[in-house]
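Note sheet for the following structure.
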Amino acid sequence: MSTRRDFIRTSAGAGVGAALGALPKQLEAGVPNIISRRVTPVCVASGNGLGAVSRAIEELANGASTIEAVVRGVNLVEEDPNDSSVGYGGLPNEHGVVQLDSSLMHGPTRGAGAVAALEGFKRPSLVALDVMRYTDHHLLVGEGAQRFALSMGHQLEDLLTESSRERWIEWRAQLSDRDDYLSPEDSGERIGRFQEPEEFGDGLLDSHDGYRPQGTINCDIVDSDGDLSSVTTTSGLSYKIPGRVGDSPIIGAGQYCDNDVGAAGSTGRGEAVIKTCGSYTVVEMMRNGMHPTDACIEALRRIVHVTVEDRLRDENGRPNFNVNYYAVNKNGDWGGAAIWSGAQFAVSVNGDSRHEDSAYLFERG
Ligand code: GLY
């Protein structure tokens with residue numbers, strides 16, 4: 001007897017091609033004229049992902065699938081206590097609790113998985129991968145996501161490092177002078193270890209509101225067969241309202257992958273990306289024939305267009321925050337762009353891993 005699970009397994013394998021073959025002609029028009037041939041594998045990521053792109057390409061060379069490659073790549077950053085925007089050591093929410101978000105897509109199987117507001121697991125991308133592989137769902141959140149992670153054997157850990165806790169305490173003390181929390185200066189004592197990270201402002205991290213740093217890692221890959229995958233993982237907006245979820249775990253916002261076209265992802269102000277279905281928009285632009293860089297720029301223009309709130313604009317009416325997109329297409333073309341100049345992204349291609357300057361809409365003053 002054929003069960004629902006058998007059906008899922010079958011459709012993840014051979015069924016995809018058959019299903020596409022059965023599409024009426026007018027629906028096939030959505031598939032771009034990309035000729036299947038050997039492509040040069042390439043991996044792109046946000047600026048904090050130089051190690052991630054190298055590792056992902058290495059994993060591909062060692063036989064990993066595209067999704068395994070990008071997840072193992074971003075695991076490096078999730079495990080790094082010194083990256084305060086992702087995984088272990090990520091800055092906490094306003095209650096001092098680290099809540100992590102991640103989503104991913106595997107092109108060849110059309111698989112997708114995500115977790116949001118997940119507490120206690122360093123590598124939310126691995127939990128998202130399990131959601132994709134072992135459930136009939138695409139997104140698990142909060143306590144349900146935590147129970148699921150435990151059930152799959154992931155190890156529950158305290159993710160708040162001493163340095164992230166100190167930065168949170170400092171932030172809490174500076175919120176108001178009408179509460180009982182004192183900053184080290186007010187109390188006559190200087191902890192002396194609190195410092196905004198050095199990378200803040202040089203394009204590796206962006207600000208959500210001029211004060212709170214906002215990082216994240218996105219990583220997108222294409223292999224020599226033209227197969228694609230994408231993953232995004234983050235601790236989200238620092239000191240956020242508990243339960244706030246940004247773009248990273250939202251499929252179509254924080255990342256999107258269509259194995260017929262390309263893969264894309266974002267970092268920066270998640271609210272702007274969610275409102276414009278950002279990564280999906282980048283992939284749709286590539287479907288219409290745009291180069292990845294131009295597709296990123298076009299999706300950023302949409303953000304500028306819908307940013308009408310005074311509190312989110314500078315004196316010239318431009319967004320006072322940044323968003324970055326990164327993309328690869330099925331032919332192995334790649335690119336990255338940001339609203340503001342000065343951003344960089346990581347790329348690994350032909351044995352060379354390096355930072356590249358992102359294209360941009362506006363020059364920083
Ligand atoms: N882009 C990450 C976030 O807004 O949470």
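How things are named: the first chain in the structure tokens is A, the next is B, and so on; residues count from 1 in each chain; ligands count from 1 in the order shown.
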
*Collect all residues with atoms no farther than 6 Å from ligand 1, counting only C-alpha atoms and all ligand atoms, and output them as a ChimeraX atom specification.*
/A:216,236-237,246-248,267-270

Save out the residues we just selected, all heavy atoms, as a PDB file, in the first residue's frame.
ATOM      1  N   THR A 216      23.637  38.659  10.443  1.00  0.00           N
ATOM      2  CA  THR A 216      22.967  37.512   9.791  1.00  0.00           C
ATOM      3  C   THR A 216      23.956  36.933   8.803  1.00  0.00           C
ATOM      4  O   THR A 216      24.814  37.651   8.303  1.00  0.00           O
ATOM      5  CB  THR A 216      21.717  37.952   8.991  1.00  0.00           C
ATOM      6  OG1 THR A 216      20.735  38.464   9.879  1.00  0.00           O
ATOM      7  CG2 THR A 216      21.095  36.818   8.163  1.00  0.00           C
ATOM      8  N   GLY A 236      18.951  37.534  14.619  1.00  0.00           N
ATOM      9  CA  GLY A 236      17.941  38.559  14.370  1.00  0.00           C
ATOM     10  C   GLY A 236      18.319  39.902  14.965  1.00  0.00           C
ATOM     11  O   GLY A 236      19.465  40.157  15.333  1.00  0.00           O
ATOM     12  N   LEU A 237      17.357  40.750  15.046  1.00  0.00           N
ATOM     13  CA  LEU A 237      17.569  42.100  15.562  1.00  0.00           C
ATOM     14  C   LEU A 237      17.962  42.031  17.033  1.00  0.00           C
ATOM     15  O   LEU A 237      17.255  41.421  17.842  1.00  0.00           O
ATOM     16  CB  LEU A 237      16.268  42.890  15.397  1.00  0.00           C
ATOM     17  CG  LEU A 237      16.249  44.288  15.993  1.00  0.00           C
ATOM     18  CD1 LEU A 237      17.283  45.181  15.317  1.00  0.00           C
ATOM     19  CD2 LEU A 237      14.858  44.875  15.845  1.00  0.00           C
ATOM     20  N   GLY A 246      12.271  38.103  12.063  1.00  0.00           N
ATOM     21  CA  GLY A 246      12.634  38.898  10.888  1.00  0.00           C
ATOM     22  C   GLY A 246      12.421  38.120   9.605  1.00  0.00           C
ATOM     23  O   GLY A 246      11.591  37.205   9.531  1.00  0.00           O
ATOM     24  N   ASP A 247      13.186  38.491   8.595  1.00  0.00           N
ATOM     25  CA  ASP A 247      13.030  37.857   7.277  1.00  0.00           C
ATOM     26  C   ASP A 247      13.713  36.496   7.184  1.00  0.00           C
ATOM     27  O   ASP A 247      13.298  35.644   6.389  1.00  0.00           O
ATOM     28  CB  ASP A 247      13.606  38.774   6.191  1.00  0.00           C
ATOM     29  CG  ASP A 247      15.064  39.156   6.467  1.00  0.00           C
ATOM     30  OD1 ASP A 247      15.440  39.274   7.654  1.00  0.00           O
ATOM     31  OD2 ASP A 247      15.826  39.332   5.500  1.00  0.00           O
ATOM     32  N   SER A 248      14.772  36.280   7.999  1.00  0.00           N
ATOM     33  CA  SER A 248      15.624  35.103   7.789  1.00  0.00           C
ATOM     34  C   SER A 248      14.877  33.762   7.756  1.00  0.00           C
ATOM     35  O   SER A 248      15.196  32.917   6.931  1.00  0.00           O
ATOM     36  CB  SER A 248      16.722  35.055   8.853  1.00  0.00           C
ATOM     37  OG  SER A 248      17.441  36.254   8.838  1.00  0.00           O
ATOM     38  N   THR A 267      20.474  40.073   4.010  1.00  0.00           N
ATOM     39  CA  THR A 267      20.796  40.467   5.382  1.00  0.00           C
ATOM     40  C   THR A 267      20.391  41.935   5.515  1.00  0.00           C
ATOM     41  O   THR A 267      20.199  42.628   4.520  1.00  0.00           O
ATOM     42  CB  THR A 267      22.300  40.320   5.692  1.00  0.00           C
ATOM     43  OG1 THR A 267      23.049  41.172   4.818  1.00  0.00           O
ATOM     44  CG2 THR A 267      22.779  38.887   5.508  1.00  0.00           C
ATOM     45  N   GLY A 268      20.305  42.391   6.764  1.00  0.00           N
ATOM     46  CA  GLY A 268      19.887  43.779   6.982  1.00  0.00           C
ATOM     47  C   GLY A 268      18.493  43.838   7.577  1.00  0.00           C
ATOM     48  O   GLY A 268      18.016  42.850   8.165  1.00  0.00           O
ATOM     49  N   ARG A 269      17.826  44.971   7.427  1.00  0.00           N
ATOM     50  CA  ARG A 269      16.539  45.185   8.087  1.00  0.00           C
ATOM     51  C   ARG A 269      15.457  44.232   7.557  1.00  0.00           C
ATOM     52  O   ARG A 269      14.906  44.414   6.460  1.00  0.00           O
ATOM     53  CB  ARG A 269      16.102  46.644   7.914  1.00  0.00           C
ATOM     54  CG  ARG A 269      14.840  46.973   8.668  1.00  0.00           C
ATOM     55  CD  ARG A 269      14.391  48.413   8.430  1.00  0.00           C
ATOM     56  NE  ARG A 269      12.975  48.521   8.692  1.00  0.00           N
ATOM     57  CZ  ARG A 269      12.428  48.685   9.905  1.00  0.00           C
ATOM     58  NH1 ARG A 269      13.174  48.785  10.963  1.00  0.00           N
ATOM     59  NH2 ARG A 269      11.111  48.738  10.035  1.00  0.00           N
ATOM     60  N   GLY A 270      15.139  43.222   8.349  1.00  0.00           N
ATOM     61  CA  GLY A 270      14.239  42.155   7.906  1.00  0.00           C
ATOM     62  C   GLY A 270      12.838  42.620   7.591  1.00  0.00           C
ATOM     63  O   GLY A 270      12.176  42.078   6.692  1.00  0.00           O
TER      64      GLY A 270
END

Residues of range 140-325 of chain A classed as strand (DSSP E) by DSSP on the backbone are to be reported as a compact mmCIF listing (two decimals) with C-alpha atoms, in the first residue's frame.
# COMPACT_ATOMS: atom_id res chain seq x y z
CA LEU A 140 8.29 25.50 13.20
CA VAL A 141 8.44 28.27 15.83
CA ASP A 206 24.54 46.98 9.39
CA SER A 207 22.46 49.01 11.76
CA PRO A 213 23.84 46.27 14.98
CA GLN A 214 22.10 43.83 12.70
CA ILE A 217 24.55 35.12 7.30
CA ASN A 218 23.04 34.11 3.99
CA CYS A 219 24.79 31.57 1.73
CA ASP A 220 23.79 30.49 -1.81
CA ILE A 221 25.45 27.92 -4.06
CA VAL A 222 25.32 26.37 -7.53
CA LEU A 228 21.18 25.16 -6.31
CA SER A 229 20.59 25.64 -2.58
CA SER A 230 20.31 28.52 -0.13
CA VAL A 231 20.35 29.04 3.64
CA THR A 232 20.03 32.01 5.99
CA THR A 233 20.65 31.96 9.74
CA THR A 234 20.63 34.72 12.37
CA GLN A 255 16.22 33.33 1.16
CA TYR A 256 14.67 31.66 -1.87
CA CYS A 257 15.82 29.01 -4.33
CA ASP A 258 14.24 27.83 -7.57
CA GLY A 262 18.76 30.63 -9.13
CA ALA A 263 19.08 31.26 -5.41
CA ALA A 264 19.13 34.48 -3.39
CA GLY A 265 19.18 35.70 0.18
CA SER A 266 19.31 38.80 2.32
CA THR A 267 20.80 40.47 5.38
CA GLY A 268 19.89 43.78 6.98
CA VAL A 323 19.51 45.78 3.21
CA ASN A 324 21.90 43.51 1.27
CA TYR A 325 21.01 40.88 -1.31

*Just the residues within 9 Å of Arg133 in chain A, please, counting only C-alpha atoms, with nothing from its chain fewer than 6 positions along; format it as a PyMOL selection string.*
chain A and resi 111-113

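Residue nearest Leu160 in chain A, chosen from A:Gln174, A:Ser85, A:Gln146, A:Ser279 and counting only C-alpha atoms: A:Ser85.
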
Taking only residues of range 140-179 of chain A that have an atom at most 12 Å from an atom of range 95-108 of chain A, what is each one's shortest atom pair and its distance in Å to one decimal, using only C-alpha atoms, in chain and number order, as a tab-separated table?
residue	atom	partner	partner_atom	distance
A:Leu140	CA	A:Asp101	CA	10.1
A:Val141	CA	A:Asp101	CA	8.8
A:Gly142	CA	A:Gln99	CA	8.5
A:Glu143	CA	A:Gln99	CA	10.9
A:Ala145	CA	A:Asp101	CA	10.4
A:Gln146	CA	A:Gln99	CA	10.6
A:Glu157	CA	A:Val98	CA	10.8
A:Asp158	CA	A:Val98	CA	8.6
A:Leu159	CA	A:Val98	CA	6.4
A:Leu160	CA	A:Val98	CA	6.5
A:Thr161	CA	A:Val98	CA	9.9
A:Glu162	CA	A:Gly96	CA	11.5
A:Ser164	CA	A:Gly96	CA	9.0
A:Arg165	CA	A:Gly96	CA	7.1
A:Glu166	CA	A:Gly96	CA	10.0
A:Arg167	CA	A:Gly96	CA	10.0
A:Trp168	CA	A:Gly96	CA	6.6
A:Ile169	CA	A:Gly96	CA	8.2
A:Glu170	CA	A:Gly96	CA	11.4
A:Trp171	CA	A:Gly96	CA	10.4
A:Arg172	CA	A:His95	CA	9.1

Store the residues of this selection in a file with N, CA, C and O atoms, as a PDB file, in the first residue's frame.
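Result file out_2.pdb:
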ATOM      1  N   LEU A 140       8.661  25.732  11.808  1.00  0.00           N
ATOM      2  CA  LEU A 140       8.291  25.496  13.205  1.00  0.00           C
ATOM      3  C   LEU A 140       8.813  26.668  14.029  1.00  0.00           C
ATOM      4  O   LEU A 140       9.913  27.168  13.780  1.00  0.00           O
ATOM      5  N   VAL A 141       8.037  27.089  15.052  1.00  0.00           N
ATOM      6  CA  VAL A 141       8.438  28.273  15.828  1.00  0.00           C
ATOM      7  C   VAL A 141       8.442  27.988  17.327  1.00  0.00           C
ATOM      8  O   VAL A 141       7.751  27.079  17.807  1.00  0.00           O
ATOM      9  N   GLY A 142       9.223  28.814  18.045  1.00  0.00           N
ATOM     10  CA  GLY A 142       9.199  28.877  19.499  1.00  0.00           C
ATOM     11  C   GLY A 142       9.338  27.531  20.182  1.00  0.00           C
ATOM     12  O   GLY A 142      10.220  26.728  19.866  1.00  0.00           O
ATOM     13  N   GLU A 143       8.458  27.303  21.155  1.00  0.00           N
ATOM     14  CA  GLU A 143       8.557  26.101  21.983  1.00  0.00           C
ATOM     15  C   GLU A 143       8.396  24.823  21.148  1.00  0.00           C
ATOM     16  O   GLU A 143       9.060  23.817  21.393  1.00  0.00           O
ATOM     17  N   ALA A 145       9.293  24.408  18.055  1.00  0.00           N
ATOM     18  CA  ALA A 145      10.564  24.191  17.341  1.00  0.00           C
ATOM     19  C   ALA A 145      11.597  23.614  18.306  1.00  0.00           C
ATOM     20  O   ALA A 145      12.379  22.726  17.945  1.00  0.00           O
ATOM     21  N   GLN A 146      11.581  24.101  19.556  1.00  0.00           N
ATOM     22  CA  GLN A 146      12.547  23.624  20.545  1.00  0.00           C
ATOM     23  C   GLN A 146      12.315  22.142  20.856  1.00  0.00           C
ATOM     24  O   GLN A 146      13.242  21.342  20.910  1.00  0.00           O
ATOM     25  N   GLU A 157      21.685  24.113  24.740  1.00  0.00           N
ATOM     26  CA  GLU A 157      22.833  24.805  25.357  1.00  0.00           C
ATOM     27  C   GLU A 157      22.471  26.242  25.684  1.00  0.00           C
ATOM     28  O   GLU A 157      21.538  26.802  25.091  1.00  0.00           O
ATOM     29  N   ASP A 158      23.228  26.855  26.612  1.00  0.00           N
ATOM     30  CA  ASP A 158      23.083  28.286  26.869  1.00  0.00           C
ATOM     31  C   ASP A 158      23.870  29.025  25.788  1.00  0.00           C
ATOM     32  O   ASP A 158      25.069  28.813  25.641  1.00  0.00           O
ATOM     33  N   LEU A 159      23.194  29.887  25.032  1.00  0.00           N
ATOM     34  CA  LEU A 159      23.847  30.532  23.887  1.00  0.00           C
ATOM     35  C   LEU A 159      24.395  31.916  24.204  1.00  0.00           C
ATOM     36  O   LEU A 159      25.047  32.536  23.367  1.00  0.00           O
ATOM     37  N   LEU A 160      24.094  32.416  25.407  1.00  0.00           N
ATOM     38  CA  LEU A 160      24.500  33.783  25.740  1.00  0.00           C
ATOM     39  C   LEU A 160      25.941  33.784  26.245  1.00  0.00           C
ATOM     40  O   LEU A 160      26.226  33.251  27.324  1.00  0.00           O
ATOM     41  N   THR A 161      26.847  34.365  25.464  1.00  0.00           N
ATOM     42  CA  THR A 161      28.242  34.456  25.911  1.00  0.00           C
ATOM     43  C   THR A 161      28.371  35.640  26.880  1.00  0.00           C
ATOM     44  O   THR A 161      27.506  36.522  26.924  1.00  0.00           O
ATOM     45  N   GLU A 162      29.460  35.667  27.630  1.00  0.00           N
ATOM     46  CA  GLU A 162      29.688  36.739  28.599  1.00  0.00           C
ATOM     47  C   GLU A 162      29.704  38.098  27.890  1.00  0.00           C
ATOM     48  O   GLU A 162      29.107  39.068  28.370  1.00  0.00           O
ATOM     49  N   SER A 164      28.229  38.987  25.023  1.00  0.00           N
ATOM     50  CA  SER A 164      26.886  39.388  24.565  1.00  0.00           C
ATOM     51  C   SER A 164      26.024  39.804  25.752  1.00  0.00           C
ATOM     52  O   SER A 164      25.232  40.749  25.672  1.00  0.00           O
ATOM     53  N   ARG A 165      26.199  39.115  26.894  1.00  0.00           N
ATOM     54  CA  ARG A 165      25.417  39.480  28.083  1.00  0.00           C
ATOM     55  C   ARG A 165      25.802  40.885  28.560  1.00  0.00           C
ATOM     56  O   ARG A 165      24.939  41.701  28.888  1.00  0.00           O
ATOM     57  N   GLU A 166      27.088  41.202  28.543  1.00  0.00           N
ATOM     58  CA  GLU A 166      27.521  42.536  28.971  1.00  0.00           C
ATOM     59  C   GLU A 166      26.971  43.623  28.054  1.00  0.00           C
ATOM     60  O   GLU A 166      26.562  44.688  28.513  1.00  0.00           O
ATOM     61  N   ARG A 167      26.967  43.339  26.761  1.00  0.00           N
ATOM     62  CA  ARG A 167      26.438  44.340  25.816  1.00  0.00           C
ATOM     63  C   ARG A 167      24.949  44.540  26.022  1.00  0.00           C
ATOM     64  O   ARG A 167      24.427  45.658  25.924  1.00  0.00           O
ATOM     65  N   TRP A 168      24.233  43.463  26.352  1.00  0.00           N
ATOM     66  CA  TRP A 168      22.804  43.576  26.622  1.00  0.00           C
ATOM     67  C   TRP A 168      22.543  44.384  27.904  1.00  0.00           C
ATOM     68  O   TRP A 168      21.664  45.248  27.955  1.00  0.00           O
ATOM     69  N   ILE A 169      23.360  44.147  28.929  1.00  0.00           N
ATOM     70  CA  ILE A 169      23.200  44.879  30.194  1.00  0.00           C
ATOM     71  C   ILE A 169      23.415  46.377  29.972  1.00  0.00           C
ATOM     72  O   ILE A 169      22.664  47.221  30.483  1.00  0.00           O
ATOM     73  N   GLU A 170      24.423  46.686  29.173  1.00  0.00           N
ATOM     74  CA  GLU A 170      24.709  48.096  28.854  1.00  0.00           C
ATOM     75  C   GLU A 170      23.522  48.712  28.101  1.00  0.00           C
ATOM     76  O   GLU A 170      23.091  49.821  28.381  1.00  0.00           O
ATOM     77  N   TRP A 171      23.004  48.000  27.134  1.00  0.00           N
ATOM     78  CA  TRP A 171      21.861  48.497  26.356  1.00  0.00           C
ATOM     79  C   TRP A 171      20.665  48.742  27.276  1.00  0.00           C
ATOM     80  O   TRP A 171      20.008  49.778  27.190  1.00  0.00           O
ATOM     81  N   ARG A 172      20.414  47.794  28.187  1.00  0.00           N
ATOM     82  CA  ARG A 172      19.262  47.915  29.088  1.00  0.00           C
ATOM     83  C   ARG A 172      19.415  49.152  29.986  1.00  0.00           C
ATOM     84  O   ARG A 172      18.458  49.899  30.208  1.00  0.00           O
TER      85      ARG A 172
END

*Which polymer residues have any atom within 9 Å of an atom of Thr281 in chain A, counting only C-alpha atoms, with same-chain residues fewer than 4 positions away left out, as a list in words?*
Gly252, Ala253, Tyr256, Thr276, Cys277, Met285, Met286, Ala295, Cys296, Glu298 and Ala299 of chain A

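Going from CA of Val127 in chain A to CA of Ala327 in chain A covers 23.6 Å.
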
_One number please: CA of Gly120 in chain A to CA of Asp83 in chain A, in Å, one decimal._
16.7 Å

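Atom pair CA of Gly153 in chain A / CA of Ile67 in chain A has a distance of 20.0 Å (rounded to one decimal).
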
*Skip Val347 in chain A itself and residues of its chain fewer than 2 positions away, then list as number ranges by chain all residues within 12 Å of it, counting only C-alpha atoms.*
A: 41-57, 218-222, 326-328, 332-336, 344-345, 349-358

_Non-local contacts of Arg38 in chain A (8 Å; only C-alpha atoms; under 6 positions in same chain excluded) as an NGL selection string_ = :A and (224-226)

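Contact shell of Ile339 in chain A at 6 Å (only C-alpha atoms; same-chain neighbours under 4 positions omitted): A:Asn322, A:Val323, A:Tyr360, A:Leu361.
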